file my_file20.cif (mmCIF, C-alpha atoms)
data_query
#
loop_
_atom_site.label_atom_id
_atom_site.label_comp_id
_atom_site.auth_asym_id
_atom_site.auth_seq_id
_atom_site.Cartn_x
_atom_site.Cartn_y
_atom_site.Cartn_z
CA MET O 1 44.55 -28.50 9.84
CA GLU O 2 42.81 -30.88 12.26
CA SER O 3 44.45 -29.08 15.16
CA GLU O 4 43.36 -25.71 13.80
CA ALA O 5 39.79 -26.99 13.17
CA TYR O 6 39.67 -28.45 16.63
CA SER O 7 40.77 -25.09 18.07
CA LEU O 8 38.07 -23.24 16.12
CA THR O 9 35.46 -25.72 17.32
CA GLU O 10 36.68 -25.32 20.86
CA LEU O 11 36.47 -21.51 20.56
CA ALA O 12 32.96 -21.76 19.13
CA LEU O 13 31.85 -23.97 22.01
CA ALA O 14 33.42 -21.62 24.51
CA GLY O 15 31.69 -18.64 22.88
CA ALA O 16 28.34 -20.44 23.00
CA ALA O 17 28.92 -21.29 26.67
CA ILE O 18 29.72 -17.65 27.42
CA LEU O 19 26.50 -16.58 25.66
CA VAL O 20 24.46 -19.05 27.70
CA LEU O 21 26.09 -17.85 30.91
CA ILE O 22 25.33 -14.21 30.04
CA CYS O 23 21.69 -15.16 29.46
CA LEU O 24 21.62 -16.91 32.84
CA SER O 25 23.12 -13.84 34.46
CA ALA O 26 20.42 -11.66 32.88
CA PHE O 27 17.80 -14.12 34.14
CA PHE O 28 19.09 -13.93 37.72
CA SER O 29 19.37 -10.13 37.64
CA GLY O 30 15.86 -9.67 36.26
CA SER O 31 14.47 -12.25 38.71
CA GLU O 32 15.94 -10.43 41.69
CA THR O 33 14.44 -7.09 40.65
CA GLY O 34 11.10 -8.52 39.57
CA LEU O 35 10.51 -10.63 42.68
CA THR O 36 11.56 -7.94 45.16
CA ALA O 37 9.65 -5.15 43.41
CA ALA O 38 6.45 -7.11 42.77
CA SER O 39 3.30 -5.85 44.48
CA ARG O 40 2.57 -8.25 47.32
CA ALA O 41 -1.04 -7.08 47.40
CA ARG O 42 -1.56 -7.95 43.72
CA ILE O 43 0.35 -11.24 44.03
CA ASN O 44 -1.78 -12.17 47.06
CA HIS O 45 -4.95 -11.26 45.13
CA LEU O 46 -3.92 -13.45 42.17
CA SER O 47 -2.97 -16.25 44.55
CA GLN O 48 -6.42 -16.17 46.14
CA GLN O 49 -7.95 -16.39 42.66
CA GLY O 50 -6.07 -19.64 42.05
CA ASN O 51 -3.08 -18.43 40.03
CA ARG O 52 -0.40 -21.10 40.55
CA ARG O 53 2.51 -18.86 39.60
CA ALA O 54 1.32 -16.26 42.10
CA ARG O 55 1.31 -18.90 44.83
CA VAL O 56 4.90 -19.79 43.94
CA VAL O 57 5.87 -16.10 44.15
CA SER O 58 4.20 -15.85 47.56
CA ARG O 59 6.12 -18.87 48.85
CA LEU O 60 9.40 -17.45 47.56
CA LEU O 61 8.77 -14.07 49.22
CA GLU O 62 8.00 -15.72 52.55
CA ARG O 63 11.73 -16.46 52.88
CA GLN O 64 13.18 -13.44 51.15
CA ASP O 65 16.63 -13.96 52.70
CA ARG O 66 16.89 -17.44 51.14
CA LEU O 67 15.56 -16.14 47.82
CA ILE O 68 18.07 -13.29 47.61
CA GLY O 69 20.90 -15.59 48.73
CA THR O 70 20.09 -18.09 45.98
CA ILE O 71 19.85 -15.45 43.26
CA LEU O 72 23.10 -13.76 44.32
CA LEU O 73 24.89 -17.09 44.50
CA GLY O 74 23.67 -18.17 41.07
CA ASN O 75 24.37 -14.77 39.52
CA ASN O 76 27.93 -14.63 40.84
CA LEU O 77 28.65 -18.20 39.78
CA VAL O 78 27.61 -17.62 36.17
CA ASN O 79 29.31 -14.20 35.99
CA ILE O 80 32.62 -15.54 37.30
CA LEU O 81 32.46 -18.58 35.06
CA ALA O 82 31.64 -16.45 32.00
CA SER O 83 34.53 -14.08 32.76
CA SER O 84 36.94 -16.97 33.25
CA LEU O 85 35.95 -18.59 29.97
CA ALA O 86 36.19 -15.27 28.11
CA THR O 87 39.63 -14.62 29.57
CA SER O 88 40.94 -18.07 28.61
CA VAL O 89 39.55 -17.74 25.06
CA LEU O 90 40.96 -14.26 24.45
CA ILE O 91 44.34 -15.25 25.90
CA LEU O 92 44.40 -18.14 23.43
CA VAL O 93 43.67 -15.70 20.57
CA PHE O 94 45.55 -12.55 21.60
CA GLY O 95 48.05 -13.78 24.12
CA GLU O 96 48.60 -11.90 27.40
CA ALA O 97 46.75 -8.86 26.04
CA GLY O 98 43.63 -11.03 26.09
CA VAL O 99 43.27 -10.38 29.83
CA VAL O 100 42.70 -6.67 29.17
CA TYR O 101 40.38 -7.37 26.26
CA ALA O 102 38.40 -9.89 28.30
CA THR O 103 38.04 -7.46 31.22
CA LEU O 104 36.79 -4.62 29.03
CA ALA O 105 34.51 -6.79 26.90
CA MET O 106 32.94 -8.73 29.78
CA THR O 107 32.41 -5.58 31.86
CA LEU O 108 30.54 -3.94 29.01
CA ILE O 109 28.51 -7.05 28.15
CA VAL O 110 27.61 -7.91 31.75
CA VAL O 111 26.64 -4.35 32.71
CA VAL O 112 24.53 -3.69 29.62
CA PHE O 113 22.98 -7.07 28.79
CA ALA O 114 23.10 -8.95 32.11
CA GLU O 115 22.34 -6.11 34.57
CA VAL O 116 20.86 -2.87 33.22
CA LEU O 117 18.71 -4.34 30.44
CA PRO O 118 16.92 -7.11 32.44
CA LYS O 119 16.59 -4.96 35.56
CA THR O 120 15.13 -2.08 33.57
CA TYR O 121 12.49 -4.38 32.11
CA ALA O 122 11.76 -5.99 35.49
CA ILE O 123 11.44 -2.70 37.39
CA ASN O 124 8.92 -1.48 34.80
CA ASN O 125 7.00 -4.77 34.75
CA PRO O 126 7.64 -6.26 38.21
CA ASP O 127 4.48 -8.36 38.54
CA ARG O 128 4.76 -9.82 35.04
CA ALA O 129 8.47 -10.55 35.50
CA ALA O 130 7.92 -12.16 38.92
CA LEU O 131 5.17 -14.45 37.62
CA ALA O 132 7.28 -15.43 34.60
CA VAL O 133 10.45 -16.41 36.48
CA ALA O 134 8.88 -17.83 39.65
CA PRO O 135 8.70 -21.54 38.61
CA VAL O 136 12.34 -21.66 37.46
CA VAL O 137 13.59 -19.69 40.46
CA ALA O 138 11.72 -22.05 42.80
CA VAL O 139 13.61 -25.01 41.31
CA VAL O 140 16.96 -23.19 41.62
CA VAL O 141 16.17 -22.30 45.25
CA ALA O 142 15.43 -25.94 46.03
CA VAL O 143 18.62 -27.19 44.29
CA LEU O 144 20.94 -24.61 45.86
CA ALA O 145 19.26 -24.66 49.29
CA PRO O 146 22.06 -26.57 51.09
CA LEU O 147 24.78 -24.35 49.64
CA VAL O 148 22.81 -21.17 50.35
CA HIS O 149 22.21 -22.32 53.94
CA ALA O 150 25.92 -22.90 54.43
CA VAL O 151 26.71 -19.44 53.06
CA GLN O 152 24.06 -17.88 55.31
CA VAL O 153 25.55 -19.58 58.38
CA LEU O 154 28.97 -18.17 57.51
CA VAL O 155 27.49 -14.70 56.94
CA ASN O 156 25.58 -14.73 60.23
CA GLY O 157 28.68 -15.92 62.06
CA ALA O 158 30.75 -13.11 60.56
CA LEU O 159 28.11 -10.52 61.50
CA ARG O 160 27.99 -11.77 65.09
CA LEU O 161 31.69 -10.98 65.37
CA PHE O 162 30.69 -7.33 64.90
CA GLY O 163 27.82 -7.55 67.38
CA ILE O 164 25.07 -7.85 64.74
CA ASP O 165 22.50 -10.58 65.28
CA ILE O 166 20.26 -11.31 62.29
CA LYS O 167 17.07 -13.25 62.99
CA PRO O 168 15.26 -15.06 60.15
CA GLY O 169 12.28 -13.16 58.79
CA GLN O 170 12.85 -10.06 60.88
CA SER O 171 11.95 -6.74 59.29
CA MET O 172 13.40 -3.33 60.05
CA VAL O 173 10.19 -1.63 58.94
CA SER O 174 6.71 -2.34 60.32
CA ALA O 175 3.77 -3.04 58.02
CA ALA O 176 2.23 0.34 58.90
CA GLU O 177 5.46 2.20 58.14
CA GLU O 178 5.80 0.33 54.84
CA LEU O 179 2.25 1.29 53.87
CA LYS O 180 2.93 4.93 54.79
CA SER O 181 6.01 4.90 52.59
CA HIS O 182 3.95 3.57 49.69
CA LEU O 183 1.32 6.28 50.27
CA ASP O 184 3.97 9.01 50.31
CA LEU O 185 5.58 7.62 47.18
CA HIS O 186 2.32 7.42 45.23
CA GLY O 187 1.36 10.86 46.51
CA LYS O 188 4.60 12.39 45.21
CA GLU O 189 4.20 10.61 41.89
CA GLY O 190 0.66 11.99 41.55
CA THR O 191 -0.97 8.56 41.29
CA LEU O 192 -2.82 9.00 44.60
CA HIS O 193 -4.99 12.02 45.37
CA LYS O 194 -3.96 14.01 48.44
CA SER O 195 -7.33 13.57 50.15
CA ALA O 196 -7.13 9.80 49.77
CA ARG O 197 -3.52 9.77 50.97
CA ASP O 198 -4.44 11.84 54.06
CA MET O 199 -7.39 9.58 54.84
CA LEU O 200 -5.42 6.35 54.54
CA GLY O 201 -2.50 7.87 56.47
CA SER O 202 -4.85 8.92 59.29
CA ILE O 203 -6.17 5.37 59.61
CA LEU O 204 -2.61 4.09 59.97
CA ASP O 205 -1.93 6.77 62.61
CA LEU O 206 -4.84 5.82 64.90
CA ASP O 207 -2.45 3.99 67.22
CA GLU O 208 -0.14 7.00 67.49
CA VAL O 209 -2.72 9.75 68.06
CA GLU O 210 -4.23 10.18 71.54
CA VAL O 211 -7.69 11.45 72.40
CA SER O 212 -6.07 14.58 73.87
CA ASP O 213 -5.00 15.48 70.33
CA VAL O 214 -8.54 15.54 68.93
CA MET O 215 -10.73 16.28 71.97
CA ILE O 216 -12.81 19.41 72.48
CA HIS O 217 -11.03 21.41 75.18
CA ARG O 218 -12.96 21.98 78.40
CA ARG O 219 -12.85 25.71 77.66
CA ASP O 220 -15.16 25.08 74.68
CA ILE O 221 -17.49 22.57 76.35
CA GLN O 222 -21.06 23.68 77.03
CA MET O 223 -22.03 22.31 80.43
CA LEU O 224 -25.09 22.71 82.67
CA ASP O 225 -24.79 23.84 86.31
CA LEU O 226 -27.27 21.93 88.44
CA SER O 227 -27.39 24.80 90.93
CA GLU O 228 -29.48 26.76 88.42
CA PRO O 229 -33.25 26.32 88.14
CA THR O 230 -34.30 23.31 86.11
CA SER O 231 -36.37 25.48 83.78
CA ALA O 232 -33.27 27.54 82.92
CA LEU O 233 -31.23 24.38 82.30
CA ILE O 234 -33.93 22.96 80.02
CA ASP O 235 -33.97 26.22 78.10
CA GLN O 236 -30.16 26.07 77.70
CA ALA O 237 -30.39 22.46 76.52
CA MET O 238 -33.07 23.29 73.96
CA GLN O 239 -31.07 26.23 72.65
CA SER O 240 -27.84 24.22 72.39
CA ARG O 241 -26.62 22.79 69.10
CA HIS O 242 -25.26 19.77 70.99
CA SER O 243 -27.31 16.64 71.66
CA ARG O 244 -25.33 15.65 74.79
CA LEU O 245 -24.49 18.05 77.62
CA PRO O 246 -22.48 17.29 80.80
CA LEU O 247 -24.09 18.15 84.14
CA TRP O 248 -21.94 19.41 87.02
CA ARG O 249 -22.57 20.18 90.67
CA ASP O 250 -20.60 22.43 93.05
CA ASP O 251 -17.47 22.38 90.85
CA SER O 252 -17.05 22.23 87.09
CA ASP O 253 -14.71 19.25 87.50
CA ASN O 254 -17.45 17.36 89.33
CA ILE O 255 -19.37 15.95 86.36
CA VAL O 256 -22.30 13.95 87.73
CA GLY O 257 -24.19 13.08 84.56
CA VAL O 258 -24.65 13.57 80.83
CA LEU O 259 -27.99 14.82 79.54
CA HIS O 260 -29.10 13.57 76.12
CA GLY O 261 -31.54 15.73 74.15
CA LYS O 262 -33.73 12.77 73.18
CA ASP O 263 -34.06 11.63 76.79
CA LEU O 264 -34.99 15.16 77.82
CA LEU O 265 -37.67 15.38 75.11
CA ARG O 266 -39.15 12.04 76.17
CA GLU O 267 -39.30 13.26 79.78
CA LEU O 268 -40.98 16.52 78.70
CA MET O 269 -43.55 14.64 76.59
CA ALA O 270 -44.32 12.25 79.46
CA ALA O 271 -44.74 15.15 81.88
CA ARG O 272 -47.01 16.97 79.43
CA THR O 273 -49.15 13.86 79.02
CA GLN O 274 -49.72 13.74 82.76
CA ALA O 275 -50.53 17.45 83.07
CA ALA O 276 -50.75 20.12 80.40
CA ASP O 277 -49.63 22.86 82.82
CA PHE O 278 -46.76 20.96 84.40
CA ASP O 279 -43.93 22.85 86.09
CA LEU O 280 -40.54 22.54 84.35
CA ASP O 281 -38.78 22.94 87.69
CA SER O 282 -40.41 19.73 88.87
CA ILE O 283 -38.43 17.63 86.41
CA ASP O 284 -35.48 15.76 87.89
CA LEU O 285 -32.67 16.05 85.32
CA MET O 286 -30.47 13.60 87.22
CA ALA O 287 -33.15 10.95 86.77
CA VAL O 288 -32.98 11.54 83.03
CA ALA O 289 -29.20 11.86 82.71
CA LYS O 290 -26.82 9.03 81.90
CA GLU O 291 -23.81 8.15 84.00
CA PRO O 292 -20.69 9.98 82.78
CA TRP O 293 -17.92 7.94 81.13
CA PHE O 294 -14.38 9.10 81.80
CA VAL O 295 -11.37 8.05 79.71
CA PRO O 296 -7.64 8.88 80.17
CA ASP O 297 -6.18 11.56 77.92
CA THR O 298 -3.47 9.12 76.81
CA THR O 299 -5.93 6.68 75.22
CA SER O 300 -5.11 6.08 71.56
CA LEU O 301 -7.77 6.77 68.95
CA ARG O 302 -7.80 3.11 67.93
CA GLU O 303 -8.50 2.05 71.52
CA GLN O 304 -11.15 4.73 71.94
CA LEU O 305 -12.84 3.81 68.68
CA HIS O 306 -12.97 0.19 69.80
CA ALA O 307 -14.35 1.29 73.20
CA PHE O 308 -17.07 3.36 71.50
CA ARG O 309 -18.13 0.33 69.48
CA THR O 310 -18.03 -1.99 72.49
CA ARG O 311 -20.07 0.31 74.76
CA HIS O 312 -22.39 1.47 71.96
CA ALA O 313 -21.54 5.03 73.00
CA HIS O 314 -20.60 8.19 71.10
CA PHE O 315 -19.47 10.47 73.94
CA ALA O 316 -16.75 10.35 76.61
CA LEU O 317 -15.17 12.83 79.01
CA VAL O 318 -11.38 13.08 78.98
CA VAL O 319 -9.42 13.40 82.23
CA ASP O 320 -5.70 13.63 83.01
CA GLU O 321 -3.73 11.50 85.44
CA TYR O 322 -5.00 13.58 88.38
CA GLY O 323 -8.65 13.15 87.39
CA THR O 324 -8.99 16.75 86.22
CA LEU O 325 -11.40 17.30 83.36
CA MET O 326 -9.46 18.04 80.17
CA GLY O 327 -12.22 17.96 77.59
CA LEU O 328 -14.54 15.58 75.77
CA VAL O 329 -14.21 13.31 72.78
CA THR O 330 -16.94 12.00 70.51
CA LEU O 331 -17.13 9.39 67.81
CA GLU O 332 -17.45 12.23 65.31
CA ASP O 333 -14.12 13.67 66.47
CA ILE O 334 -12.37 10.40 65.63
CA LEU O 335 -14.14 10.09 62.28
CA GLU O 336 -13.15 13.67 61.44
CA GLU O 337 -9.54 12.77 62.16
CA ILE O 338 -9.84 10.20 59.37
CA VAL O 339 -12.11 11.77 56.75
CA GLY O 340 -11.79 15.47 57.55
CA ASP O 341 -14.31 17.99 58.84
CA ILE O 342 -17.92 16.77 59.08
CA ARG O 343 -20.50 19.52 59.33
CA ASP O 344 -24.28 19.45 59.66
CA GLU O 345 -27.09 22.00 59.60
CA HIS O 346 -26.65 22.80 63.30
CA ASP O 347 -22.93 23.52 63.16
CA PRO O 348 -21.88 27.19 63.07
CA GLU O 349 -20.32 28.71 59.99
CA GLU O 350 -16.83 27.37 59.51
CA VAL O 351 -14.10 29.64 60.79
CA VAL O 352 -11.12 29.61 58.43
CA GLY O 353 -8.12 28.61 60.51
CA ILE O 354 -5.49 28.66 57.74
CA GLU O 355 -5.49 31.47 55.18
CA ALA O 356 -2.86 31.87 52.47
CA ASN O 357 -1.37 35.33 51.96
CA GLY O 358 -0.03 36.71 48.71
CA ASP O 359 3.57 36.81 49.94
CA GLY O 360 3.83 33.07 50.60
CA SER O 361 2.97 33.32 54.30
CA TYR O 362 -0.11 31.97 56.06
CA THR O 363 -2.38 33.55 58.65
CA VAL O 364 -3.12 30.75 61.13
CA ALA O 365 -5.43 30.61 64.14
CA GLY O 366 -3.64 29.53 67.29
CA SER O 367 -6.19 26.75 67.85
CA VAL O 368 -5.34 24.99 64.57
CA THR O 369 -3.80 21.62 65.32
CA ILE O 370 -0.30 20.88 64.11
CA ARG O 371 -1.55 17.71 62.41
CA ASP O 372 -4.11 19.69 60.39
CA LEU O 373 -1.50 22.29 59.47
CA ASN O 374 0.98 19.65 58.35
CA ARG O 375 -1.62 17.87 56.23
CA ARG O 376 -2.98 21.07 54.71
CA LEU O 377 0.41 22.60 53.83
CA GLU O 378 2.45 19.37 53.64
CA TRP O 379 4.82 20.61 56.32
CA ASN O 380 6.56 18.53 58.96
CA LEU O 381 6.27 20.48 62.21
CA PRO O 382 6.64 18.22 65.27
CA ASP O 383 3.55 17.43 67.33
CA ASP O 384 5.16 15.45 70.16
CA GLU O 385 5.13 18.24 72.75
CA ALA O 386 2.13 20.30 71.63
CA THR O 387 -1.19 19.75 69.89
CA THR O 388 -1.91 23.21 68.49
CA VAL O 389 0.22 25.71 66.60
CA ALA O 390 -0.01 28.15 69.53
CA GLY O 391 1.08 25.37 71.88
CA LEU O 392 4.12 24.66 69.70
CA LEU O 393 5.09 28.34 69.69
CA ILE O 394 4.81 28.64 73.48
CA HIS O 395 6.70 25.38 74.00
CA GLU O 396 9.59 26.42 71.77
CA ALA O 397 9.67 30.06 72.96
CA ARG O 398 9.64 28.94 76.63
CA ARG O 399 7.42 31.89 77.50
CA LEU O 400 4.14 33.57 76.61
CA PRO O 401 4.90 35.72 73.54
CA GLU O 402 3.68 39.27 73.07
CA VAL O 403 1.88 40.66 70.03
CA GLY O 404 4.45 41.83 67.48
CA GLN O 405 7.15 39.37 68.53
CA ALA O 406 8.54 36.96 65.96
CA PHE O 407 10.22 33.60 66.47
CA GLN O 408 11.96 31.19 64.15
CA PHE O 409 11.66 27.44 64.61
CA TYR O 410 11.96 24.48 62.22
CA ASN O 411 12.61 26.76 59.22
CA VAL O 412 9.35 28.65 59.84
CA ARG O 413 8.96 32.23 61.10
CA PHE O 414 6.15 32.74 63.65
CA ASP O 415 4.81 36.32 63.90
CA VAL O 416 2.35 36.84 66.77
CA LEU O 417 -0.63 38.87 65.49
CA ARG O 418 -3.22 38.55 68.24
CA ARG O 419 -3.44 37.43 71.84
CA GLN O 420 -6.35 37.18 74.25
CA ARG O 421 -5.12 37.11 77.82
CA THR O 422 -2.91 33.98 77.93
CA ARG O 423 -4.02 32.62 74.56
CA VAL O 424 -2.22 33.25 71.28
CA THR O 425 -5.19 33.42 68.92
CA GLN O 426 -3.61 34.38 65.60
CA MET O 427 -0.17 34.35 64.02
CA ARG O 428 1.49 34.59 60.64
CA LEU O 429 3.63 31.63 59.58
CA THR O 430 6.25 32.14 56.89
CA PRO O 431 8.24 29.19 55.52
CA LEU O 432 11.94 29.99 55.18
CA SER O 433 14.39 28.78 52.57
CA PRO O 434 17.54 27.00 53.80
CA ASP O 435 19.57 30.18 53.21
CA GLN O 436 17.09 32.30 55.17
CA ALA O 437 17.03 29.78 58.00
CA ALA O 438 20.83 29.69 58.09
CA ARG O 439 21.01 33.42 58.56
CA GLY O 440 18.84 33.17 61.69
CA ASP O 441 19.67 31.33 64.89
CA GLY O 442 17.22 28.55 63.96
CA ALA O 443 15.44 28.42 67.32
CA GLY O 444 15.03 31.78 68.92
CA GLU O 445 13.38 35.15 68.90
CA THR O 446 13.88 37.47 65.96
CA GLY O 447 12.91 41.07 65.42
#
call {"tool": "encode", "arguments": {"input": "my_file20.cif", "output": "structure tokens"}}
result
Amino acid sequence: MESEAYSLTELALAGAAILVLICLSAFFSGSETGLTAASRARINHLSQQGNRRARVVSRLLERQDRLIGTILLGNNLVNILASSLATSVLILVFGEAGVVYATLAMTLIVVVFAEVLPKTYAINNPDRAALAVAPVVAVVVAVLAPLVHAVQVLVNGALRLFGIDIKPGQSMVSAAEELKSHLDLHGKEGTLHKSARDMLGSILDLDEVEVSDVMIHRRDIQMLDLSEPTSALIDQAMQSRHSRLPLWRDDSDNIVGVLHGKDLLRELMAARTQAADFDLDSIDLMAVAKEPWFVPDTTSLREQLHAFRTRHAHFALVVDEYGTLMGLVTLEDILEEIVGDIRDEHDPEEVVGIEANGDGSYTVAGSVTIRDLNRRLEWNLPDDEATTVAGLLIHEARRLPEVGQAFQFYNVRFDVLRRQRTRVTQMRLTPLSPDQAARGDGAGETG
């Protein structure tokens, strides 16, 4: 009887130990999910407000490799120990069949109560879970630090045998890319409005977008020819909707100054004060004009925005590597890249560049930029080799298309509707399903 009682006591103690180990396993599983899924922005905010637990979470996340190593080590230790105890107990009760029973029972218990249940709670309440477990996890990390370090050395040594070198703290994803991923995720979930997502995404893209992508092309620049009479130039300046106008002499690439409307008005008022019947042709526009500022077409928008702020300027002329005038860029152009179109009372009526058709296609002006098209329609057309939709078509077609021709690229059908001389001014874009795209050649002329 004493032997039997002792055996029952021993089984009860073993069962209690298994229960404790399962609870520890659930703790480690939930801690891993909670700490890795916690919002660093919110944790940092709480830390700055003096929350001690948030500070502990921040310290743990600074060495995420050590944190994950500790949690995995602890979780595996308790899981293996719990399985071993369960196997020994069930063998004592059921004999050799206890191995099978132990395997089935422990698999079910560990998966449901030590993995799925705690991780489900933690993934739905990551910040709360991280703050709750942080103090205990910090102690475990400190206690197991030597063992975790030894394991990490062995892991790094094994990886080096395969030519993989892991450096502490290195990240495969940049901060900007991580933020973009969060924006895309919240946009798909509907928790972030599209306009806000586009605006924040544009700010993150300022380093990747060049001034050539947002500049006003030289074809659309209003410039003043100094060979004309001054009175005619003043009349053109007063009729213009632009406040700054480039001045050129002999050749349109030879920009010698930039005339500002306010400076011109001051000069006219000063001349009128001296003589009421002054001659407009007597005014020296070059004496009024500012020196032109030229910037390379490869300058990033972030660099140009910083340059605008440093020089207290709003206007720059864009040139290519040969010094040829490409266009002009203003502070407003950069701001519009971030917040969208900015119009005032002097701007002409907006010309619709993207118009939806009833059949699922879109009528698109050739001058629409690929970036605007992608943001408006949530497409993913490449903009590495071309800035505008017409430029992309010509680049992919490898020739100047004729009206009526159709091309298929990137699962989109391009139908040329209008052309003015060498410019494709209007086309119809039709998104294709995977089956429709597979039936075509994917990158050539159709029709």
call {"tool": "residues_near_point", "arguments": {"input": "my_file20.cif", "point": "(17.4, -21.8, 47.3)", "cutoff": "6 Å", "atoms": "all atoms listed in the file", "output": "MDAnalysis selection string"}}
result
chainID O and resid 66:67 70 140:142 144:145
call {"tool": "closest_residue", "arguments": {"input": "my_file20.cif", "among": "O:Val339, O:Leu325, O:Leu73, O:Cys23", "to": "Pro292 (chain O)", "atoms": "all atoms listed in the file"}}
result
O:Leu325
call {"tool": "resolve_selection", "arguments": {"input": "my_file20.cif", "expression": "the PyMOL selection byres ((chain O and resi 205) around 12)", "output": "list in words"}}
result
Ala176, Glu177, Leu179, Lys180, Asp198, Met199, Leu200, Gly201, Ser202, Ile203, Leu204, Leu206, Asp207, Glu208, Val209, Glu210, Ser300, Leu301, Arg302, Ile334, Glu337, Ile338 and Arg371 of chain O
call {"tool": "closest_residue", "arguments": {"input": "my_file20.cif", "among": "O:Ile18, O:Ala138, O:Leu259, O:Ala37", "to": "Ala105 (chain O)", "atoms": "all atoms listed in the file"}}
result
O:Ile18
call {"tool": "residues_around", "arguments": {"input": "my_file20.cif", "residues": "region 97-104 of chain O", "least_positions_apart": "6", "cutoff": "6 Å", "atoms": "only C-alpha atoms", "output": "PyMOL selection string"}}
result
chain O and resi 86-87+90-91
call {"tool": "atom_distance", "arguments": {"input": "my_file20.cif", "atom1": "CA of His149 (chain O)", "atom2": "CA of Leu60 (chain O)"}}
result
15.1 Å
call {"tool": "resolve_selection", "arguments": {"input": "my_file20.cif", "expression": "the PyMOL selection byres ((chain O and resi 57) around 12)", "output": "PyMOL selection string"}}
result
chain O and resi 31-32+34-47+51-56+58-64+67+126-138
call {"tool": "resolve_selection", "arguments": {"input": "my_file20.cif", "expression": "the PyMOL selection byres ((chain O and resi 214-220) around 10)", "output": "list in words"}}
result
Val209, Glu210, Val211, Ser212, Asp213, Ile221, Gln222, Met223, Ser252, Asp253, Asp297, Leu301, Ala316, Leu317, Val318, Leu325, Met326, Gly327, Leu328, Val329, Thr330, Asp333, Ile334, Glu336, Glu337, Thr369, Arg371 and Thr387 of chain O
call {"tool": "atom_distance", "arguments": {"input": "my_file20.cif", "atom1": "CA of Asp251 (chain O)", "atom2": "CA of Leu285 (chain O)"}}
result
17.4 Å
call {"tool": "atom_distance", "arguments": {"input": "my_file20.cif", "atom1": "CA of Arg418 (chain O)", "atom2": "CA of Asn357 (chain O)"}}
result
16.7 Å
call {"tool": "closest_residue", "arguments": {"input": "my_file20.cif", "among": "O:Ile283, O:Ile22, O:Ala313, O:Ala386", "to": "Leu233 (chain O)", "atoms": "only C-alpha atoms"}}
result
O:Ile283
call {"tool": "residues_near_point", "arguments": {"input": "my_file20.cif", "point": "(42.6, -16.8, 19.7)", "cutoff": "9 Å", "atoms": "all atoms listed in the file", "output": "ChimeraX atom specification"}}
result
/O:7-8,11,89-95,98
call {"tool": "residues_around", "arguments": {"input": "my_file20.cif", "residues": "Glu332 (chain O)", "least_positions_apart": "3", "cutoff": "8 Å", "atoms": "all atoms listed in the file", "output": "MDAnalysis selection string"}}
result
chainID O and resid 314 335:336 342
call {"tool": "residues_around", "arguments": {"input": "my_file20.cif", "residues": "Gly261 (chain O)", "least_positions_apart": "3", "cutoff": "8 Å", "atoms": "all atoms listed in the file", "output": "list in words"}}
result
Ala237, Met238, Ser243, Arg244, Leu264 and Leu265 of chain O
call {"tool": "residues_around", "arguments": {"input": "my_file20.cif", "residues": "region 419-435 of chain O", "least_positions_apart": "2", "cutoff": "9 Å", "atoms": "only C-alpha atoms", "output": "PyMOL selection string"}}
result
chain O and resi 353+359-367+390-391+393-394+400-403+410-417+437-439
call {"tool": "residues_around", "arguments": {"input": "my_file20.cif", "residues": "Val151 (chain O)", "least_positions_apart": "3", "cutoff": "12 Å", "atoms": "only C-alpha atoms", "output": "ChimeraX atom specification"}}
result
/O:65-66,68-70,72-73,144-148,154-158
call {"tool": "closest_residue", "arguments": {"input": "my_file20.cif", "among": "O:Ser240, O:Thr298, O:Asn79, O:Asn374", "to": "Asp320 (chain O)", "atoms": "all atoms listed in the file"}}
result
O:Thr298
